[in-house]
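Colleague: File data01.txt below, compact mmCIF, N, CA, C and O atoms:
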# COMPACT_ATOMS: atom_id res chain seq x y z
N MET I 1 -1.47 18.52 -8.92
CA MET I 1 -0.06 18.33 -8.65
C MET I 1 0.23 18.46 -7.16
O MET I 1 1.13 17.85 -6.65
N ALA I 2 -0.54 19.29 -6.47
CA ALA I 2 -0.34 19.44 -5.03
C ALA I 2 -0.60 18.13 -4.32
O ALA I 2 0.03 17.82 -3.31
N SER I 3 -1.51 17.34 -4.86
CA SER I 3 -1.81 16.04 -4.27
C SER I 3 -0.59 15.12 -4.34
O SER I 3 -0.30 14.41 -3.38
N LEU I 4 0.10 15.14 -5.45
CA LEU I 4 1.30 14.31 -5.60
C LEU I 4 2.39 14.77 -4.63
O LEU I 4 3.07 13.94 -4.02
N ALA I 5 2.54 16.07 -4.47
CA ALA I 5 3.54 16.59 -3.54
C ALA I 5 3.21 16.17 -2.11
O ALA I 5 4.11 15.80 -1.35
N LYS I 6 1.93 16.19 -1.75
CA LYS I 6 1.52 15.76 -0.41
C LYS I 6 1.78 14.27 -0.22
O LYS I 6 2.25 13.84 0.82
N LYS I 7 1.51 13.47 -1.24
CA LYS I 7 1.76 12.03 -1.17
C LYS I 7 3.24 11.75 -0.98
O LYS I 7 3.62 10.88 -0.20
N LYS I 8 4.07 12.49 -1.70
CA LYS I 8 5.52 12.30 -1.54
C LYS I 8 5.98 12.71 -0.15
O LYS I 8 6.84 12.06 0.44
N LEU I 9 5.39 13.76 0.39
CA LEU I 9 5.72 14.19 1.75
C LEU I 9 5.30 13.12 2.76
O LEU I 9 6.06 12.78 3.67
N ASP I 10 4.10 12.58 2.60
CA ASP I 10 3.62 11.51 3.48
C ASP I 10 4.52 10.27 3.37
O ASP I 10 4.84 9.64 4.37
N LEU I 11 4.93 9.96 2.16
CA LEU I 11 5.80 8.81 1.94
C LEU I 11 7.16 9.04 2.60
O LEU I 11 7.71 8.13 3.23
N ASP I 12 7.67 10.25 2.51
CA ASP I 12 8.94 10.57 3.15
C ASP I 12 8.83 10.47 4.67
O ASP I 12 9.75 9.99 5.32
N LYS I 13 7.70 10.88 5.23
CA LYS I 13 7.50 10.75 6.68
C LYS I 13 7.52 9.29 7.10
O LYS I 13 8.12 8.94 8.12
N LYS I 14 6.90 8.43 6.31
CA LYS I 14 6.90 7.00 6.61
C LYS I 14 8.32 6.44 6.51
O LYS I 14 8.72 5.60 7.32
N PHE I 15 9.09 6.90 5.54
CA PHE I 15 10.46 6.43 5.39
C PHE I 15 11.32 6.91 6.56
O PHE I 15 12.14 6.14 7.08
N GLN I 16 11.13 8.14 6.98
CA GLN I 16 11.89 8.65 8.13
C GLN I 16 11.57 7.86 9.39
O GLN I 16 12.44 7.63 10.24
N LYS I 17 10.32 7.41 9.53
CA LYS I 17 9.94 6.58 10.68
C LYS I 17 10.70 5.27 10.65
O LYS I 17 11.15 4.79 11.69
N ILE I 18 10.89 4.70 9.47
CA ILE I 18 11.66 3.45 9.34
C ILE I 18 13.09 3.69 9.82
O ILE I 18 13.65 2.88 10.56
N LEU I 19 13.68 4.80 9.38
CA LEU I 19 15.07 5.09 9.74
C LEU I 19 15.26 5.28 11.24
O LEU I 19 16.31 4.94 11.79
N LYS I 20 14.23 5.79 11.93
CA LYS I 20 14.35 6.07 13.36
C LYS I 20 13.96 4.88 14.24
O LYS I 20 14.21 4.91 15.44
N THR I 21 13.36 3.85 13.66
CA THR I 21 12.87 2.73 14.45
C THR I 21 13.97 1.68 14.62
O THR I 21 14.55 1.23 13.65
N PRO I 22 14.24 1.29 15.87
CA PRO I 22 15.25 0.24 16.10
C PRO I 22 14.72 -1.12 15.63
O PRO I 22 13.51 -1.30 15.44
N ALA I 23 15.63 -2.05 15.44
CA ALA I 23 15.26 -3.39 15.01
C ALA I 23 14.34 -4.03 16.03
O ALA I 23 14.74 -4.31 17.16
N SER I 24 13.09 -4.20 15.63
CA SER I 24 12.08 -4.77 16.51
C SER I 24 10.85 -5.04 15.65
O SER I 24 10.86 -4.84 14.44
N TYR I 25 9.79 -5.46 16.31
CA TYR I 25 8.54 -5.66 15.59
C TYR I 25 8.03 -4.32 15.03
O TYR I 25 7.47 -4.28 13.93
N ALA I 26 8.27 -3.25 15.73
CA ALA I 26 7.86 -1.92 15.26
C ALA I 26 8.56 -1.57 13.94
O ALA I 26 7.99 -0.87 13.10
N PHE I 27 9.78 -2.04 13.75
CA PHE I 27 10.51 -1.83 12.50
C PHE I 27 9.78 -2.51 11.35
O PHE I 27 9.59 -1.94 10.29
N PHE I 28 9.35 -3.75 11.58
CA PHE I 28 8.59 -4.48 10.57
C PHE I 28 7.29 -3.74 10.24
O PHE I 28 6.91 -3.61 9.08
N VAL I 29 6.62 -3.23 11.25
CA VAL I 29 5.37 -2.50 11.04
C VAL I 29 5.62 -1.23 10.24
O VAL I 29 4.85 -0.89 9.33
N ALA I 30 6.71 -0.53 10.52
CA ALA I 30 7.04 0.69 9.78
C ALA I 30 7.31 0.37 8.30
O ALA I 30 6.86 1.11 7.41
N ILE I 31 8.02 -0.72 8.05
CA ILE I 31 8.27 -1.13 6.66
C ILE I 31 6.95 -1.51 5.99
O ILE I 31 6.69 -1.14 4.85
N HIS I 32 6.13 -2.25 6.70
CA HIS I 32 4.82 -2.65 6.18
C HIS I 32 4.00 -1.42 5.79
O HIS I 32 3.39 -1.37 4.72
N ASP I 33 3.97 -0.42 6.66
CA ASP I 33 3.21 0.80 6.37
C ASP I 33 3.71 1.49 5.11
O ASP I 33 2.93 1.96 4.29
N PHE I 34 5.03 1.55 4.95
CA PHE I 34 5.63 2.19 3.78
C PHE I 34 5.24 1.44 2.50
O PHE I 34 4.78 2.03 1.53
N VAL I 35 5.43 0.12 2.52
CA VAL I 35 5.16 -0.70 1.34
C VAL I 35 3.68 -0.63 0.97
O VAL I 35 3.32 -0.43 -0.20
N LYS I 36 2.80 -0.76 1.95
CA LYS I 36 1.37 -0.74 1.67
C LYS I 36 0.91 0.64 1.20
O LYS I 36 0.02 0.75 0.35
N PHE I 37 1.52 1.70 1.73
CA PHE I 37 1.19 3.06 1.29
C PHE I 37 1.45 3.21 -0.20
O PHE I 37 0.64 3.77 -0.94
N VAL I 38 2.57 2.67 -0.67
CA VAL I 38 2.91 2.75 -2.09
C VAL I 38 1.98 1.85 -2.90
O VAL I 38 1.44 2.26 -3.93
N GLU I 39 1.77 0.62 -2.43
CA GLU I 39 0.96 -0.33 -3.20
C GLU I 39 -0.50 0.08 -3.31
O GLU I 39 -1.14 -0.20 -4.32
N LEU I 40 -1.05 0.71 -2.30
CA LEU I 40 -2.47 1.07 -2.31
C LEU I 40 -2.76 2.38 -3.02
O LEU I 40 -3.92 2.70 -3.26
N ASP I 41 -1.73 3.13 -3.36
CA ASP I 41 -1.93 4.40 -4.05
C ASP I 41 -1.63 4.22 -5.54
O ASP I 41 -0.48 3.96 -5.92
N PRO I 42 -2.64 4.35 -6.40
CA PRO I 42 -2.41 4.12 -7.83
C PRO I 42 -1.41 5.07 -8.46
O PRO I 42 -0.70 4.69 -9.39
N VAL I 43 -1.32 6.28 -7.97
CA VAL I 43 -0.36 7.25 -8.52
C VAL I 43 1.06 6.80 -8.21
O VAL I 43 1.94 6.82 -9.06
N LEU I 44 1.29 6.38 -6.97
CA LEU I 44 2.64 5.97 -6.57
C LEU I 44 3.00 4.60 -7.14
O LEU I 44 4.12 4.40 -7.62
N SER I 45 2.10 3.65 -7.08
CA SER I 45 2.43 2.30 -7.53
C SER I 45 2.44 2.18 -9.05
O SER I 45 3.17 1.37 -9.60
N GLY I 46 1.65 3.01 -9.73
CA GLY I 46 1.57 2.93 -11.17
C GLY I 46 2.76 3.50 -11.90
O GLY I 46 3.14 3.02 -12.95
N GLY I 47 3.37 4.50 -11.32
CA GLY I 47 4.48 5.12 -12.02
C GLY I 47 5.48 5.72 -11.08
O GLY I 47 5.49 6.92 -10.86
N LEU I 48 6.30 4.88 -10.52
CA LEU I 48 7.36 5.38 -9.64
C LEU I 48 8.45 5.98 -10.50
O LEU I 48 9.43 5.33 -10.85
N GLN I 49 8.25 7.24 -10.88
CA GLN I 49 9.19 7.92 -11.75
C GLN I 49 10.40 8.43 -10.98
O GLN I 49 11.50 8.50 -11.51
N ASP I 50 10.19 8.80 -9.73
CA ASP I 50 11.27 9.32 -8.90
C ASP I 50 12.18 8.15 -8.53
O ASP I 50 11.76 7.24 -7.82
N SER I 51 13.40 8.16 -9.02
CA SER I 51 14.29 7.02 -8.83
C SER I 51 14.61 6.76 -7.36
O SER I 51 14.82 5.61 -6.97
N SER I 52 14.64 7.81 -6.53
CA SER I 52 14.94 7.58 -5.12
C SER I 52 13.79 6.85 -4.44
O SER I 52 14.00 5.98 -3.60
N ILE I 53 12.56 7.20 -4.79
CA ILE I 53 11.40 6.50 -4.23
C ILE I 53 11.36 5.07 -4.74
O ILE I 53 11.12 4.14 -3.99
N ALA I 54 11.61 4.89 -6.02
CA ALA I 54 11.57 3.55 -6.61
C ALA I 54 12.62 2.65 -5.96
O ALA I 54 12.33 1.49 -5.65
N ALA I 55 13.81 3.17 -5.73
CA ALA I 55 14.87 2.37 -5.11
C ALA I 55 14.53 2.03 -3.66
O ALA I 55 14.71 0.88 -3.23
N LYS I 56 14.03 3.01 -2.91
CA LYS I 56 13.63 2.76 -1.52
C LYS I 56 12.54 1.71 -1.48
O LYS I 56 12.59 0.77 -0.68
N TYR I 57 11.54 1.87 -2.33
CA TYR I 57 10.42 0.93 -2.34
C TYR I 57 10.90 -0.48 -2.69
O TYR I 57 10.54 -1.45 -2.02
N ALA I 58 11.72 -0.60 -3.72
CA ALA I 58 12.19 -1.92 -4.15
C ALA I 58 12.97 -2.62 -3.03
O ALA I 58 12.75 -3.80 -2.76
N ASN I 59 13.85 -1.89 -2.37
CA ASN I 59 14.65 -2.49 -1.31
C ASN I 59 13.79 -2.85 -0.10
O ASN I 59 13.94 -3.95 0.47
N LEU I 60 12.90 -1.96 0.29
CA LEU I 60 12.05 -2.24 1.45
C LEU I 60 11.04 -3.34 1.15
O LEU I 60 10.69 -4.12 2.03
N LYS I 61 10.59 -3.44 -0.09
CA LYS I 61 9.69 -4.52 -0.48
C LYS I 61 10.39 -5.87 -0.31
O LYS I 61 9.80 -6.84 0.17
N LEU I 62 11.67 -5.95 -0.69
CA LEU I 62 12.43 -7.18 -0.53
C LEU I 62 12.61 -7.54 0.94
O LEU I 62 12.47 -8.70 1.33
N VAL I 63 12.90 -6.55 1.77
CA VAL I 63 13.04 -6.78 3.21
C VAL I 63 11.72 -7.26 3.79
O VAL I 63 11.65 -8.23 4.54
N TYR I 64 10.65 -6.56 3.43
CA TYR I 64 9.31 -6.91 3.91
C TYR I 64 8.94 -8.34 3.52
O TYR I 64 8.49 -9.13 4.35
N GLN I 65 9.16 -8.68 2.27
CA GLN I 65 8.82 -10.02 1.79
C GLN I 65 9.68 -11.08 2.47
O GLN I 65 9.19 -12.14 2.84
N GLY I 66 10.96 -10.78 2.67
CA GLY I 66 11.85 -11.72 3.36
C GLY I 66 11.42 -11.97 4.80
O GLY I 66 11.44 -13.10 5.28
N LEU I 67 11.00 -10.92 5.48
CA LEU I 67 10.53 -11.09 6.86
C LEU I 67 9.23 -11.88 6.91
O LEU I 67 9.03 -12.70 7.80
N LYS I 68 8.35 -11.63 5.94
CA LYS I 68 7.10 -12.40 5.89
C LYS I 68 7.38 -13.87 5.60
O LYS I 68 6.79 -14.76 6.22
N ASP I 69 8.30 -14.13 4.69
CA ASP I 69 8.64 -15.51 4.32
C ASP I 69 9.35 -16.24 5.46
O ASP I 69 9.20 -17.46 5.59
N ALA I 70 10.11 -15.52 6.25
CA ALA I 70 10.83 -16.14 7.35
C ALA I 70 9.88 -16.65 8.44
O ALA I 70 10.19 -17.58 9.17
N ASP I 71 8.72 -16.03 8.52
CA ASP I 71 7.73 -16.45 9.50
C ASP I 71 7.14 -17.75 9.07
O ASP I 71 6.95 -18.69 9.58
Take the structure in this file and express it as structure tokens.

Modeller:
Amino acid sequence: MASLAKKKLDLDKKFQKILKTPASYAFFVAIHDFVKFVELDPVLSGGLQDSSIAAKYANLKLVYQGLKDAD
């Protein structure tokens, strides 16, 4: 269970980085890091039970995909 708590803490740090990053390429990279962190972790991607994490992930995934598609 400590592993899950650490993962959530790491995920929160990545989210806080997104909030502090101004609109730029670095913002896209911060979103990319957050999305990939969730997707590459089977515990997080398999069962996003925490509704706040699930909502953040869903919204940032849409932003990330939209920016990729715009290119």

Colleague: DSSP on the backbone: which residues in chain I end up as alpha helix (DSSP H)? Give the answer as a PyMOL selection string.

Modeller: chain I and resi 2-20+25-40+42-46+51-70

Colleague: Could you work out how far atom C of Ala55 in chain I lies from atom O of Asp41 in chain I, giving the answer in Å with one decimal?

Modeller: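 Separation of atom O of Asp41 in chain I and atom C of Ala55 in chain I: 15.3 Å.
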
Colleague: Using all atoms listed in the file, find the one residue out of I:Ile31, I:Leu4, I:Leu19, I:Leu9 that sits nearest to Leu60 in chain I.

Modeller: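 That would be I:Ile31, the residue with the smallest distance to Leu60 in chain I.
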
Colleague: I'd like the contact shell of range 33-38 of chain I - 8 Å cut-off, only C-alpha atoms, skipping same-chain residues fewer than 6 positions apart - returned as an mmCIF file with N, CA, C and O atoms, in the frame of the given file.

Modeller:
data_model
loop_
_atom_site.group_PDB
_atom_site.id
_atom_site.type_symbol
_atom_site.label_atom_id
_atom_site.label_comp_id
_atom_site.auth_asym_id
_atom_site.auth_seq_id
_atom_site.Cartn_x
_atom_site.Cartn_y
_atom_site.Cartn_z
ATOM 1 N N LEU I 11 4.930 9.960 2.160
ATOM 2 C CA LEU I 11 5.800 8.810 1.940
ATOM 3 C C LEU I 11 7.160 9.040 2.600
ATOM 4 O O LEU I 11 7.710 8.130 3.230
ATOM 5 N N LYS I 14 6.900 8.430 6.310
ATOM 6 C CA LYS I 14 6.900 7.000 6.610
ATOM 7 C C LYS I 14 8.320 6.440 6.510
ATOM 8 O O LYS I 14 8.720 5.600 7.320
ATOM 9 N N PHE I 15 9.090 6.900 5.540
ATOM 10 C CA PHE I 15 10.460 6.430 5.390
ATOM 11 C C PHE I 15 11.320 6.910 6.560
ATOM 12 O O PHE I 15 12.140 6.140 7.080
ATOM 13 N N LEU I 44 1.290 6.380 -6.970
ATOM 14 C CA LEU I 44 2.640 5.970 -6.570
ATOM 15 C C LEU I 44 3.000 4.600 -7.140
ATOM 16 O O LEU I 44 4.120 4.400 -7.620
ATOM 17 N N SER I 45 2.100 3.650 -7.080
ATOM 18 C CA SER I 45 2.430 2.300 -7.530
ATOM 19 C C SER I 45 2.440 2.180 -9.050
ATOM 20 O O SER I 45 3.170 1.370 -9.600
ATOM 21 N N TYR I 57 11.540 1.870 -2.330
ATOM 22 C CA TYR I 57 10.420 0.930 -2.340
ATOM 23 C C TYR I 57 10.900 -0.480 -2.690
ATOM 24 O O TYR I 57 10.540 -1.450 -2.020
ATOM 25 N N LEU I 60 12.900 -1.960 0.290
ATOM 26 C CA LEU I 60 12.050 -2.240 1.450
ATOM 27 C C LEU I 60 11.040 -3.340 1.150
ATOM 28 O O LEU I 60 10.690 -4.120 2.030
ATOM 29 N N LYS I 61 10.590 -3.440 -0.090
ATOM 30 C CA LYS I 61 9.690 -4.520 -0.480
ATOM 31 C C LYS I 61 10.390 -5.870 -0.310
ATOM 32 O O LYS I 61 9.800 -6.840 0.170
ATOM 33 N N TYR I 64 10.650 -6.560 3.430
ATOM 34 C CA TYR I 64 9.310 -6.910 3.910
ATOM 35 C C TYR I 64 8.940 -8.340 3.520
ATOM 36 O O TYR I 64 8.490 -9.130 4.350
#

Colleague: How far is it from CA of Leu67 in chain I to CA of Lys17 in chain I, in Å with one decimal?

Modeller: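 A separation of 18.1 Å between them.
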
Colleague: Give me, please, the distance in Å between atom C of Ile18 in chain I and atom O of Ala30 in chain I, quoted to one decimal.

Modeller: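 Straight-line distance from atom C of Ile18 in chain I to atom O of Ala30 in chain I works out to 7.2 Å.
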
Colleague: Around all of range 15-25 of chain I's listed atoms, make the axis-aligned box with 5 Å on each side and tell me centre and edge lengths in Å to one decimal, as JSON.

Modeller:
{"center_x": 11.9, "center_y": 1.5, "center_z": 11.3, "size_x": 18.8, "size_y": 24.3, "size_z": 21.8}
